[in-house]
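Participant: I have a structure I would like to understand better, so I am pasting it below and will then ask my questions one at a time.
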4 protein chains.
Amino acid sequence: MSDIKKVVLAYSGGLDTSVILKWLQDTYQCEVVTFTADIGQGEELEPARAKALKFGIKPENIYIDDLREEFVRDFVFPMFRANTVYEGEYLLGTSIARPLIAKRQIEIANATGADAVSHGATGKGNDQVRFELGYYALKPGVKVIAPWREWDLLSREKLLAYAEAAGIDIDMKHKQGGAPYSMDANLLHISFEGRHLEDPKAEAEESMWRWTVSPEAAPDAAEYVDLEFERGDVVAVNGVRLKPHEVLAKLNELGGRNGIGRLDLVENRYVGMKSRGCYETPGGTILLKAHRGIESITLDREVAHLKDNLMPRYAEIIYNGYWWSPERRAIQALIDQTQERVNGWVRVKLYKGSVSVVSRDSKDSLFDQTIATFDDDGGAYNQKDAEGFIKLNALRMRIAAAKRG
Amino acid sequence: MSDIKKVVLAYSGGLDTSVILKWLQDTYQCEVVTFTADIGQGEELEPARAKALKFGIKPENIYIDDLREEFVRDFVFPMFRANTVYEGEYLLGTSIARPLIAKRQIEIANATGADAVSHGATGKGNDQVRFELGYYALKPGVKVIAPWREWDLLSREKLLAYAEAAGIDIDMKHKQGGAPYSMDANLLHISFEGRHLEDPKAEAEESMWRWTVSPEAAPDAAEYVDLEFERGDVVAVNGVRLKPHEVLAKLNELGGRNGIGRLDLVENRYVGMKSRGCYETPGGTILLKAHRGIESITLDREVAHLKDNLMPRYAEIIYNGYWWSPERRAIQALIDQTQERVNGWVRVKLYKGSVSVVSRDSKDSLFDQTIATFDDDGGAYNQKDAEGFIKLNALRMRIAAAKRG
Amino acid sequence: MSDIKKVVLAYSGGLDTSVILKWLQDTYQCEVVTFTADIGQGEELEPARAKALKFGIKPENIYIDDLREEFVRDFVFPMFRANTVYEGEYLLGTSIARPLIAKRQIEIANATGADAVSHGATGKGNDQVRFELGYYALKPGVKVIAPWREWDLLSREKLLAYAEAAGIDIDMKHKQGGAPYSMDANLLHISFEGRHLEDPKAEAEESMWRWTVSPEAAPDAAEYVDLEFERGDVVAVNGVRLKPHEVLAKLNELGGRNGIGRLDLVENRYVGMKSRGCYETPGGTILLKAHRGIESITLDREVAHLKDNLMPRYAEIIYNGYWWSPERRAIQALIDQTQERVNGWVRVKLYKGSVSVVSRDSKDSLFDQTIATFDDDGGAYNQKDAEGFIKLNALRMRIAAAKRG
Amino acid sequence: MSDIKKVVLAYSGGLDTSVILKWLQDTYQCEVVTFTADIGQGEELEPARAKALKFGIKPENIYIDDLREEFVRDFVFPMFRANTVYEGEYLLGTSIARPLIAKRQIEIANATGADAVSHGATGKGNDQVRFELGYYALKPGVKVIAPWREWDLLSREKLLAYAEAAGIDIDMKHKQGGAPYSMDANLLHISFEGRHLEDPKAEAEESMWRWTVSPEAAPDAAEYVDLEFERGDVVAVNGVRLKPHEVLAKLNELGGRNGIGRLDLVENRYVGMKSRGCYETPGGTILLKAHRGIESITLDREVAHLKDNLMPRYAEIIYNGYWWSPERRAIQALIDQTQERVNGWVRVKLYKGSVSVVSRDSKDSLFDQTIATFDDDGGAYNQKDAEGFIKLNALRMRIAAAKRG
């Protein structure tokens with residue numbers, strides 16, 4: 001194990017990754033570089049610097065980066081262009097953040113001459129896969145240290161004992177018995193797993209949810225929001241032009257106060273088991289609806305259907321951790337090519353947990369009122385064409401029925 | 001045109017199909033058989049008999065059938081087994097009723113020795129295709145009369161004039177200027193098209209909706225509903241065992257009073273244009289969520305993903321009118337085979353327009369708490385297996401990155 | 001019918017399109033622009049000019065274009081990048097030429113101010129669809145004249161009589177009873193339909209084939225050919241750098257003399273019927289094999305499988321005539337993106353009707369001999385990784401088997 | 001390691017599995033049950049019994065089974081119903097045999113009360129995955145021993161030394177330096193890997209091939225073969241009704257003597273690397289062509305295209321080892337449902353390495369000569385229908401072109 005010289009750790013500053021930091025130093029006797037990213041999880045990052053210094057990390061080995069704009073611009077938005085949903089429900093909030101962490105971690109490894117990277121994901125989950133597939137794809141010779149798969153601190157008690165022995169500050173919440181929810185947050189969502197959620201029969205407790213008010217507690221009056229799209233991405237909310245991460249932050253605020261975006265799900269993990277998760281994705285839930293809304297008037301039918309056909313595969317690729325794979329890039333080339341004319345404006349109504357498209361318009365609209373009308377269309381469409389259309393579409397079935405009597 | 005001897009008309013008893021009935025008699029000088037079906041549209045059917053008699057239809061040529069159970073059992077439920085949604089939103093309420101109408105119409109044609117069938121769908125819409133593909137698939141030599149593609153009564157005024165001349169009763173609503181919404185209803189949904197909906201920018205008026213209260217007007221307290229599934233179909237609601245059509249009627253009642261199932265959409269018609277439609281599908285909206293819920297614990301991951309991959313194609317088949325095609329039957333064989341263990345129980349919460357799964361359980365559950373737990377699992381799952389899993393899954397990307405530097 | 005002023009006719013100079021030319025003049029009293037293209041069909045084009053002049057076509061209204069390079073570069077090669085095969089067998093030789101004809105015809109219509117276009121395809125086949133979908137996609141307001149769907153010259157006799165009356169020269173072969181095969185040729189293939197091929201039981205006569213010697217008559221010694229690829233396209237044959245159309249001409253020569261590329265098929269037409277066709281595609285058959293060969297060492301597995309998954313849809317798009325559709329362009333964006341590293345060299349063996357890849361190499365090869373070897377690999381691959389890989393891949397099936405006993 | 005009591009070994013009687021047998025006894029001190037199957041590999045099995053006895057295996061623990069009929073009936077034929085080809089070329093000869101071996105091995109484990117199973121596949125290949133996924137799916141608690149992943153006999157020399165020390169007879173061929181090809185044979189094919197094939201540039205040596213004569217050495221006259229199909233499976237060859245495995249044996253004989261079914265391929269393994277393989281699949285190559293031939297006249301177009309769309313996924317499932325998965329069963333339900341009318345007769349021509357369909361007929365044919373004919377069809381098909389068909393299919397593209405000008 002002594003062949004690791006320098007390792008870049010994805011470091012949140014919290015209890016688990018602090019224990020990992022110490023354990024890496026103890027176990028590998030190696031230099032540690034800490035990397036802490038702001039991807040909109042809503043926590044202060046500077047405390048992580050102080051903690052790292054306390055562990056003896058050199059100042060030049062402490063990386064604290066604001067990745068919010070890159071996260072939304074290069075990961076969240078491209079994913080939403082495909083109307084991506086995993087297993088019919090999940091908006092992939094955690095999945096889409098991992099590739100960015102992996103990429104930045106490898107950049108730091110290259111910058112600091114590190115030969116290894118490490119993360120705090122467990123051996124049962126999807127995140128280890130997402131991190132490590134990213135590492136290997138971007139730096140094939142890198143060494144990966146996944147402490148949860150190596151150490152023997154698998155119970156809460158052992159972890160706390162190790163922390164105590166190492167002089168790591170332990171929050172009261174950790175000491176007060178009962179494991180907390182396993183949570184993950186970024187600008188797209190916050191997720192909850194574990195505890196009594198491990199019984200799919202048990203309804204989630206109201207007190208668990210953090211980003212959204214309950215629909216019952218949301219305002220009694222609906223709120224309307226206008227979203228402006230350019231090439232498939234939102235560029236303005238209620239007439240105010242915003243950067244990508246500002247768009248998502250704004251939609252989270254709007255969705256959160258209207259009780260939008262809660263999800264309670266049993267999903268299939270890539271490592272082979274089913275797991276129960278609860279998610280709050282207020283802005284993303286609005287974004288998905290609105291994007292389908294603008295596509296409904298600007299996208300050709302067969303292109304839309306082609307996208308729908310590819311979407312489950314694309315969602316699976318992202319969920320399973322293959323963002324940096326050549327197959328994801330290939331599908332992305334198709335998706336992005338289709339968004340050229342996905343421009344225009346959508347109005348959604350937010351009300352106590354639900355979001356609905358009520359209005360949409362675009363200079364690139366393919367909706368043709370002259371043809372669609374139920375009134376006399378002045379010959380724009382010749383109804384007699386439908387007879388031949390139907391007859392030839394029916395021909396193969398008529399021949400079969402006639403032959404097989 | 002004189003070669004038509006007897007035609008079976010899909011007859012609602014309303015203004016349009018009454019004009020068609022008269023027009024068929026006038027134009028083809030042929031015997032007319034009327035067929036009126038109860039598929040849960042919520043209108044009395046007996047008035048259709050009186051009207052038909054008034055047109056001189058022979059009593060033995062008047063068919064009035066209650067098809068509600070067959071409709072839900074053999075069409076709606078099989079479709080929901082696939083979690084079928086068209087273009088991400090539409091639950092196919094109209095599409096799924098047409099094949100049954102077509103089938104019964106052909107049965108009546110065979111029983112009465114009719115050589116032709118006729119319907120009241122226009123030449124611009126999908127329904128003409130759905131009806132006629134059904135006719136041709138089931139009786140390849142049948143003659144099809146689609147009056148809207150043949151006659152010159154394309155404006156509202158001409159139609160009313162013809163009706164008046166023919167002595168057909170015209171409701172006040174028809175006389176009072178302005179075309180009504182084009183509506184279609186059955187146990188699964190009611191749809192609205194036309195009028196000011198023809199402008200995708202215009203929000204639907206609250207007064208248009210018929211089956212659901214507005215979310216704002218729904219009760220202030222959430223309502224919980226328990227659904228029991230057997231082989232993918234709901235067999236009991238809140239502990240009461242019900243027939244298929246009773247299930248849907250009950251869910252419509254529950255959904256309707258909680259403001260659930262409204263949809264405002266621009267969709268792509270099979271005949272090539274975009275059109276705006278509004279739909280109320282209260283029971284179906286609950287059913288879809290609950291079915292995904294029960295599948296989430298009883299279906300294998302890859303089977304679930306396979307179904308998700310096939311679903312858009314299956315939805316397209318139904319939307320476009322190919323229910324009676326061999327490709328629909330082939331996919332159905334796959335879908336039905338997957339539902340053998342889709343048994344169990346789902347609890348949903350209904351509240352002011354939204355429906356959420358909050359709890360689910362099954363004797364056929366594939367959820368394994370021992371393995372899924374974040375706590376110590378006593379060795380049920382070996383975390384070290386994940387390393388090899390990731391390494392081999394990454395191998396192709398590592399080789400590529402190494403080779404391409 | 002008098003509202004047509006000028007029509008661009010796809011004119012081969014042969015009997016059928018000469019009759020059409022005259023019929024257009026007679027029927028529409030309009031100016032005719034003739035367009036004759038060299039797409040490698042192997043016939044002299046200048047006689048078409050003389051014939052057109054004889055019909056009174058103005059010299060400036062006679063277009064004779066050499067489209068061979070554009071045909072192969074912009075149509076054939078892009079299609080082969082996807083390893084495109086329709087219904088498992090057909091290399092789409094006719095389908096891929098139609099979009100180019102349509103495009104050029106519309107360009108000429110725009111250049112000459114014509115308001116209509118016309119073609120010689122019958123009302124039963126795919127080609128009418130391919131031509132007209134192209135016309136409409138590229139010039140939505142154009143008028144289309146399809147004489148075979150309009151006139152009453154549906155029998156061979158009537159056609160010949162009309163020709164005779166119009167003073168059109170009739171080749172001896174046309175006079176000598178018996179309809180000829182319906183043939184179509186371009187640089188990619190020559191096709192045969194009709195006559196006794198209309199009986200799927202009847203074996204094709206040896207005398208029918210034109211471009212290939214029979215395998216039995218091919219040389220007794222195999223011939224090896226080296227193909228050099230850049231970005232998925234062949235750029236050199238046997239070390240000689242060639243233009244796209246020269247590549248295909250060369251491969252046709254090599255394949256033709258070795259009896260390669262004959263196909264006898266019953267296929268499903270887009271208009272709903274099955275039809276029997278025979279095809280000679282010597283160069284294309286070699287190209288397909290070789291392209292798969294170069295991809296086998298340069299393409300990532302999942303990208304290759306993604307392409308295989310999309311290919312049937314892409315083939316259907318081209319077969320059905322949707323080359324100019326947005327869905328074809330979207331898929332093409334994906335396909336082309338995957339070809340960036342499809343560079344290298346393939347050796348094929350041609351022998352009496354069969355073509356096999358025997359050798360391939362590339363500077364962009366992803367084949368890693370160190371890892372692939374059955375000999376000791378010095379630790380390049382850790383066999384123990386396979387255990388975890390298998391165990392996690394098996395997990396969902398183990399849980400299911402354990403739960404369901 | 002002492003917790004293994006009884007292990008069922010897939011035992012060929014050859015050098016490698018003999019070393020494994022001894023190694024299992026030495027390492028695990030456990031009882032060994034040997035299982036030797038005849039799946040048409042063309043070797044005598046009784047010598048395996050004598051060898052097993054020599055190792056001290058109890059007579060009741062020696063299983064020698066003739067699985068040829070089950071192999072072809074329940075594995076090969078179902079697979080060919082889908083026209084299954086992996087990566088455009090490979091007929092899955094090895095992949096399809098593994099699930100049967102796994103199944104029978106588990107049956108024997110259950111019958112003998114064994115708690116473990118073992119196989120001779122290496123840690124780099126697909127076969128370990130195919131065996132073990134089968135084991136785990138059919139007996140989730142079984143222990144799996146994969147010696148190649150456990151022991152240190154990874155070089156040829158060490159293996160031979162171990163064999164010598166254990167008193168295992170070593171064929172001269174093994175002693176004479178140079179590793180042999182890694183070969184696998186069953187009724188469907190024989191495969192070759194390793195040695196100089198590990199260089200994708202190197203052409204395979206003529207002396208390697210075993211089941212087929214070289215095309216050059218095949219007879220100078222073509223041979224015609226008639227195949228009779230029932231529900232998608234061949235039931236008679238040249239008029240002689242045969243059992244499934246007799247069909248394949250007969251086709252192997254016919255194909256082999258005509259040089260048919262050689263393939264030289266670089267393929268993508270499931271474990272992440274590319275590998276070069278050569279295959280001889282004479283009967284399967286004929287079967288695939290003929291099955292497509294009979295489907296071409298008996299299968300509906302959309303059903304055929306649906307099958308083509310699913311095939312790459314189905315091939316991947318089998319190649320990767322998921323025969324016993326629920327997703328394979330689901331797709332099989334679809335495939336089998338489509339074969340109900342795939343009855344009839346196909347004639348193929350075999351000649352020096354190539355196989356072509358020249359004739360086909362069926363009482364269930366959907367080919368309609370009346371409609372397909374180029375001659376006057378007497379009104380069976382109304383060419384004017386094509387106009388409406390094209391116009392409505394073009395509508396979405398016309399609207400787009402008009403709007404976007």
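If you're wondering about the labels, chains in the structure tokens are A, B, ... by order shown, residues count from 1 in each chain, ligands from 1 in order shown.
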Give me every alpha helix (DSSP H) residue in segment 69-180 of chain A, going by DSSP on the backbone, as a ChimeraX atom specification.
Facilitator: /A:69-71,77-80,98-112,127-138,147-150,156-165,172-175
Participant: For Lys384 of chain C, please output as an MDAnalysis selection string all residues within 10 Å (counting only C-alpha atoms; exclusion window: fewer than 4 positions along the same chain).
Facilitator: (chainID B and resid 385 387:388) or (chainID C and resid 388:389) or (chainID D and resid 123:124 146 148:150)
Participant: Have a look at atom CA of Arg292 of chain D and atom CA of Pro312 of chain B and let me know their distance in Å, one decimal.
Facilitator: 26.7 Å
Participant: What's around Tyr90 of chain C at 8 Å? Count only C-alpha atoms, leave out sequence neighbours fewer than 3 positions away in its own chain, and write the answer as a VMD selection string.
Facilitator: chain C and resid 85 to 87 93 263 265
Participant: Could you write out that same residue set with N, CA and C atoms as a PDB file, in the first residue's frame?
Facilitator:
```pdb
ATOM      1  N   VAL C  85     -28.401  -1.512 -43.586  1.00  0.00           N
ATOM      2  CA  VAL C  85     -28.994  -2.626 -44.318  1.00  0.00           C
ATOM      3  C   VAL C  85     -30.488  -2.651 -44.007  1.00  0.00           C
ATOM      4  N   TYR C  86     -31.301  -2.741 -45.024  1.00  0.00           N
ATOM      5  CA  TYR C  86     -32.755  -2.801 -44.820  1.00  0.00           C
ATOM      6  C   TYR C  86     -33.202  -4.250 -44.784  1.00  0.00           C
ATOM      7  N   GLU C  87     -33.956  -4.577 -43.748  1.00  0.00           N
ATOM      8  CA  GLU C  87     -34.496  -5.932 -43.587  1.00  0.00           C
ATOM      9  C   GLU C  87     -33.413  -6.998 -43.693  1.00  0.00           C
ATOM     10  N   GLY C  93     -29.615   0.554 -52.573  1.00  0.00           N
ATOM     11  CA  GLY C  93     -29.039   1.185 -53.757  1.00  0.00           C
ATOM     12  C   GLY C  93     -29.959   2.166 -54.461  1.00  0.00           C
ATOM     13  N   LEU C 263     -28.115 -10.334 -54.891  1.00  0.00           N
ATOM     14  CA  LEU C 263     -29.088 -10.531 -53.824  1.00  0.00           C
ATOM     15  C   LEU C 263     -30.466 -10.750 -54.434  1.00  0.00           C
ATOM     16  N   LEU C 265     -34.369 -11.100 -53.136  1.00  0.00           N
ATOM     17  CA  LEU C 265     -35.029 -10.710 -51.894  1.00  0.00           C
ATOM     18  C   LEU C 265     -36.525 -10.484 -52.088  1.00  0.00           C
TER      19      LEU C 265
END
```
Participant: May I have a table of the residues of chain D lying at most 6 Å from chain C, giving each one's closest pair of atoms and their distance in Å to one decimal, counting only C-alpha atoms, ordered by chain and ascending residue number, as JSON lines?
Facilitator:
```
{"residue": "D:Gly123", "atom": "CA", "partner": "C:Gln383", "partner_atom": "CA", "distance": 4.6}
{"residue": "D:Val129", "atom": "CA", "partner": "C:Ile390", "partner_atom": "CA", "distance": 6.0}
{"residue": "D:Leu133", "atom": "CA", "partner": "C:Ala394", "partner_atom": "CA", "distance": 5.6}
{"residue": "D:Tyr136", "atom": "CA", "partner": "C:Arg398", "partner_atom": "CA", "distance": 5.7}
{"residue": "D:Ala137", "atom": "CA", "partner": "C:Met397", "partner_atom": "CA", "distance": 5.2}
{"residue": "D:Pro140", "atom": "CA", "partner": "C:Arg398", "partner_atom": "CA", "distance": 4.6}
{"residue": "D:Arg149", "atom": "CA", "partner": "C:Gln383", "partner_atom": "CA", "distance": 5.5}
{"residue": "D:Ser155", "atom": "CA", "partner": "C:Asp376", "partner_atom": "CA", "distance": 5.8}
{"residue": "D:Pro200", "atom": "CA", "partner": "C:Arg360", "partner_atom": "CA", "distance": 5.9}
{"residue": "D:Lys201", "atom": "CA", "partner": "C:Ser359", "partner_atom": "CA", "distance": 4.5}
{"residue": "D:Ala202", "atom": "CA", "partner": "C:Ser359", "partner_atom": "CA", "distance": 5.9}
{"residue": "D:Glu203", "atom": "CA", "partner": "C:Val358", "partner_atom": "CA", "distance": 5.1}
{"residue": "D:Val266", "atom": "CA", "partner": "C:Ser296", "partner_atom": "CA", "distance": 5.6}
{"residue": "D:Asn268", "atom": "CA", "partner": "C:Arg301", "partner_atom": "CA", "distance": 5.8}
{"residue": "D:Lys274", "atom": "CA", "partner": "C:Phe367", "partner_atom": "CA", "distance": 5.4}
{"residue": "D:Ser275", "atom": "CA", "partner": "C:Ala372", "partner_atom": "CA", "distance": 5.9}
{"residue": "D:Ser296", "atom": "CA", "partner": "C:Val266", "partner_atom": "CA", "distance": 5.6}
{"residue": "D:Arg301", "atom": "CA", "partner": "C:Asn268", "partner_atom": "CA", "distance": 5.8}
{"residue": "D:Ser354", "atom": "CA", "partner": "C:Ser354", "partner_atom": "CA", "distance": 5.8}
{"residue": "D:Val358", "atom": "CA", "partner": "C:Glu203", "partner_atom": "CA", "distance": 5.2}
{"residue": "D:Ser359", "atom": "CA", "partner": "C:Lys201", "partner_atom": "CA", "distance": 4.5}
{"residue": "D:Arg360", "atom": "CA", "partner": "C:Lys201", "partner_atom": "CA", "distance": 4.9}
{"residue": "D:Asp361", "atom": "CA", "partner": "C:Lys201", "partner_atom": "CA", "distance": 5.7}
{"residue": "D:Phe367", "atom": "CA", "partner": "C:Lys274", "partner_atom": "CA", "distance": 5.4}
{"residue": "D:Ala372", "atom": "CA", "partner": "C:Ser275", "partner_atom": "CA", "distance": 5.9}
{"residue": "D:Asp376", "atom": "CA", "partner": "C:Ser155", "partner_atom": "CA", "distance": 5.8}
{"residue": "D:Gln383", "atom": "CA", "partner": "C:Gly123", "partner_atom": "CA", "distance": 4.6}
{"residue": "D:Lys384", "atom": "CA", "partner": "C:Arg149", "partner_atom": "CA", "distance": 5.6}
{"residue": "D:Ile390", "atom": "CA", "partner": "C:Val129", "partner_atom": "CA", "distance": 6.0}
{"residue": "D:Ala394", "atom": "CA", "partner": "C:Leu133", "partner_atom": "CA", "distance": 5.6}
{"residue": "D:Met397", "atom": "CA", "partner": "C:Ala137", "partner_atom": "CA", "distance": 5.2}
{"residue": "D:Arg398", "atom": "CA", "partner": "C:Pro140", "partner_atom": "CA", "distance": 4.6}
{"residue": "D:Ala402", "atom": "CA", "partner": "C:Pro140", "partner_atom": "CA", "distance": 6.0}
```
Participant: So that I can check the surroundings of Gln105 of chain A, please list as a PyMOL selection string every protein, DNA and RNA residue that reaches within 8 Å of it, counting only C-alpha atoms and ignoring chain neighbours fewer than 6 positions away.
Facilitator: chain A and resi 8-10+35+117
Participant: Save out the residues we just selected, N, CA and C atoms, as a PDB file, in the first residue's frame.
Facilitator:
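As written to disk, part_24.pdb reads:
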```pdb
ATOM      1  N   VAL A   8      -5.794  12.878  -4.170  1.00  0.00           N
ATOM      2  CA  VAL A   8      -6.764  13.969  -4.145  1.00  0.00           C
ATOM      3  C   VAL A   8      -8.080  13.428  -3.609  1.00  0.00           C
ATOM      4  N   LEU A   9      -8.519  14.001  -2.494  1.00  0.00           N
ATOM      5  CA  LEU A   9      -9.743  13.532  -1.852  1.00  0.00           C
ATOM      6  C   LEU A   9     -10.882  14.521  -2.102  1.00  0.00           C
ATOM      7  N   ALA A  10     -12.026  13.967  -2.521  1.00  0.00           N
ATOM      8  CA  ALA A  10     -13.236  14.791  -2.597  1.00  0.00           C
ATOM      9  C   ALA A  10     -13.699  15.001  -1.162  1.00  0.00           C
ATOM     10  N   PHE A  35     -10.186  18.548  -1.970  1.00  0.00           N
ATOM     11  CA  PHE A  35     -10.927  19.259  -3.014  1.00  0.00           C
ATOM     12  C   PHE A  35     -12.375  19.390  -2.545  1.00  0.00           C
ATOM     13  N   VAL A 117      -6.712   9.126  -6.365  1.00  0.00           N
ATOM     14  CA  VAL A 117      -7.886   9.916  -5.990  1.00  0.00           C
ATOM     15  C   VAL A 117      -8.713   9.076  -5.023  1.00  0.00           C
TER      16      VAL A 117
END
```
Participant: Could you state the separation of atom CA of Asn186 of chain A and atom CA of Val76 of chain A in Å, given to one decimal place?
Facilitator: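 Interatomic distance here is 10.8 Å.
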Participant: As a PyMOL selection string, list the residues of segment 54-253 of chain B assigned to strand (DSSP E or B) by DSSP on the backbone atoms of this structure.
Facilitator: chain B and resi 62-66+86+90+116-118+143-145+182-185+190-193+223-230+233-237+240-241
Participant: Please save C-alpha atoms of the selected residues as a PDB file, in the first residue's frame.
Facilitator:
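Just written: out.pdb:
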```
ATOM      1  CA  ILE B  62     -80.536  -0.437 -33.768  1.00  0.00           C
ATOM      2  CA  TYR B  63     -77.667  -1.647 -31.593  1.00  0.00           C
ATOM      3  CA  ILE B  64     -77.088  -0.153 -28.162  1.00  0.00           C
ATOM      4  CA  ASP B  65     -74.343  -1.899 -26.210  1.00  0.00           C
ATOM      5  CA  ASP B  66     -72.817  -1.496 -22.807  1.00  0.00           C
ATOM      6  CA  TYR B  86     -47.640   9.540 -25.724  1.00  0.00           C
ATOM      7  CA  TYR B  90     -50.862  12.145 -23.050  1.00  0.00           C
ATOM      8  CA  ALA B 116     -70.046  -0.849 -45.276  1.00  0.00           C
ATOM      9  CA  VAL B 117     -69.280   1.064 -42.117  1.00  0.00           C
ATOM     10  CA  SER B 118     -69.286   4.770 -41.382  1.00  0.00           C
ATOM     11  CA  LYS B 143     -66.363  -0.338 -47.622  1.00  0.00           C
ATOM     12  CA  VAL B 144     -65.720   2.712 -45.514  1.00  0.00           C
ATOM     13  CA  ILE B 145     -67.772   5.890 -45.684  1.00  0.00           C
ATOM     14  CA  SER B 182     -64.759  19.291 -30.013  1.00  0.00           C
ATOM     15  CA  MET B 183     -65.112  16.830 -27.137  1.00  0.00           C
ATOM     16  CA  ASP B 184     -64.708  13.130 -26.685  1.00  0.00           C
ATOM     17  CA  ALA B 185     -65.418  11.199 -23.522  1.00  0.00           C
ATOM     18  CA  ILE B 190     -62.731  13.592 -21.632  1.00  0.00           C
ATOM     19  CA  SER B 191     -60.919  15.679 -24.224  1.00  0.00           C
ATOM     20  CA  PHE B 192     -61.319  19.189 -25.573  1.00  0.00           C
ATOM     21  CA  GLU B 193     -60.098  20.662 -28.834  1.00  0.00           C
ATOM     22  CA  GLU B 223     -57.041  11.848   0.541  1.00  0.00           C
ATOM     23  CA  TYR B 224     -55.227   8.506   0.689  1.00  0.00           C
ATOM     24  CA  VAL B 225     -56.226   5.652  -1.576  1.00  0.00           C
ATOM     25  CA  ASP B 226     -55.122   2.036  -1.478  1.00  0.00           C
ATOM     26  CA  LEU B 227     -54.874   0.117  -4.741  1.00  0.00           C
ATOM     27  CA  GLU B 228     -54.500  -3.641  -4.923  1.00  0.00           C
ATOM     28  CA  PHE B 229     -52.841  -5.100  -8.035  1.00  0.00           C
ATOM     29  CA  GLU B 230     -52.954  -8.569  -9.555  1.00  0.00           C
ATOM     30  CA  ASP B 233     -54.163  -4.698 -13.058  1.00  0.00           C
ATOM     31  CA  VAL B 234     -56.000  -3.009 -10.207  1.00  0.00           C
ATOM     32  CA  VAL B 235     -58.509  -5.397  -8.661  1.00  0.00           C
ATOM     33  CA  ALA B 236     -59.469  -3.536  -5.510  1.00  0.00           C
ATOM     34  CA  VAL B 237     -59.682   0.058  -4.320  1.00  0.00           C
ATOM     35  CA  VAL B 240     -63.177  -3.243  -2.021  1.00  0.00           C
ATOM     36  CA  ARG B 241     -62.840  -5.703  -4.873  1.00  0.00           C
TER      37      ARG B 241
END
```
Participant: As number ranges by chain, please: the residues near Thr281 of chain B (cut-off 9 Å, only C-alpha atoms, same-chain neighbours under 2 positions excluded).
Facilitator: B: 91, 93, 187-191, 211-212, 252, 255-256, 260-263, 279, 283-286
Participant: Mind pulling up the distance from atom CA of Arg104 of chain D to atom CA of Val7 of chain D?
Facilitator: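 Taking atom CA of Val7 of chain D as the start and atom CA of Arg104 of chain D as the end point, the length is 13.5 Å.
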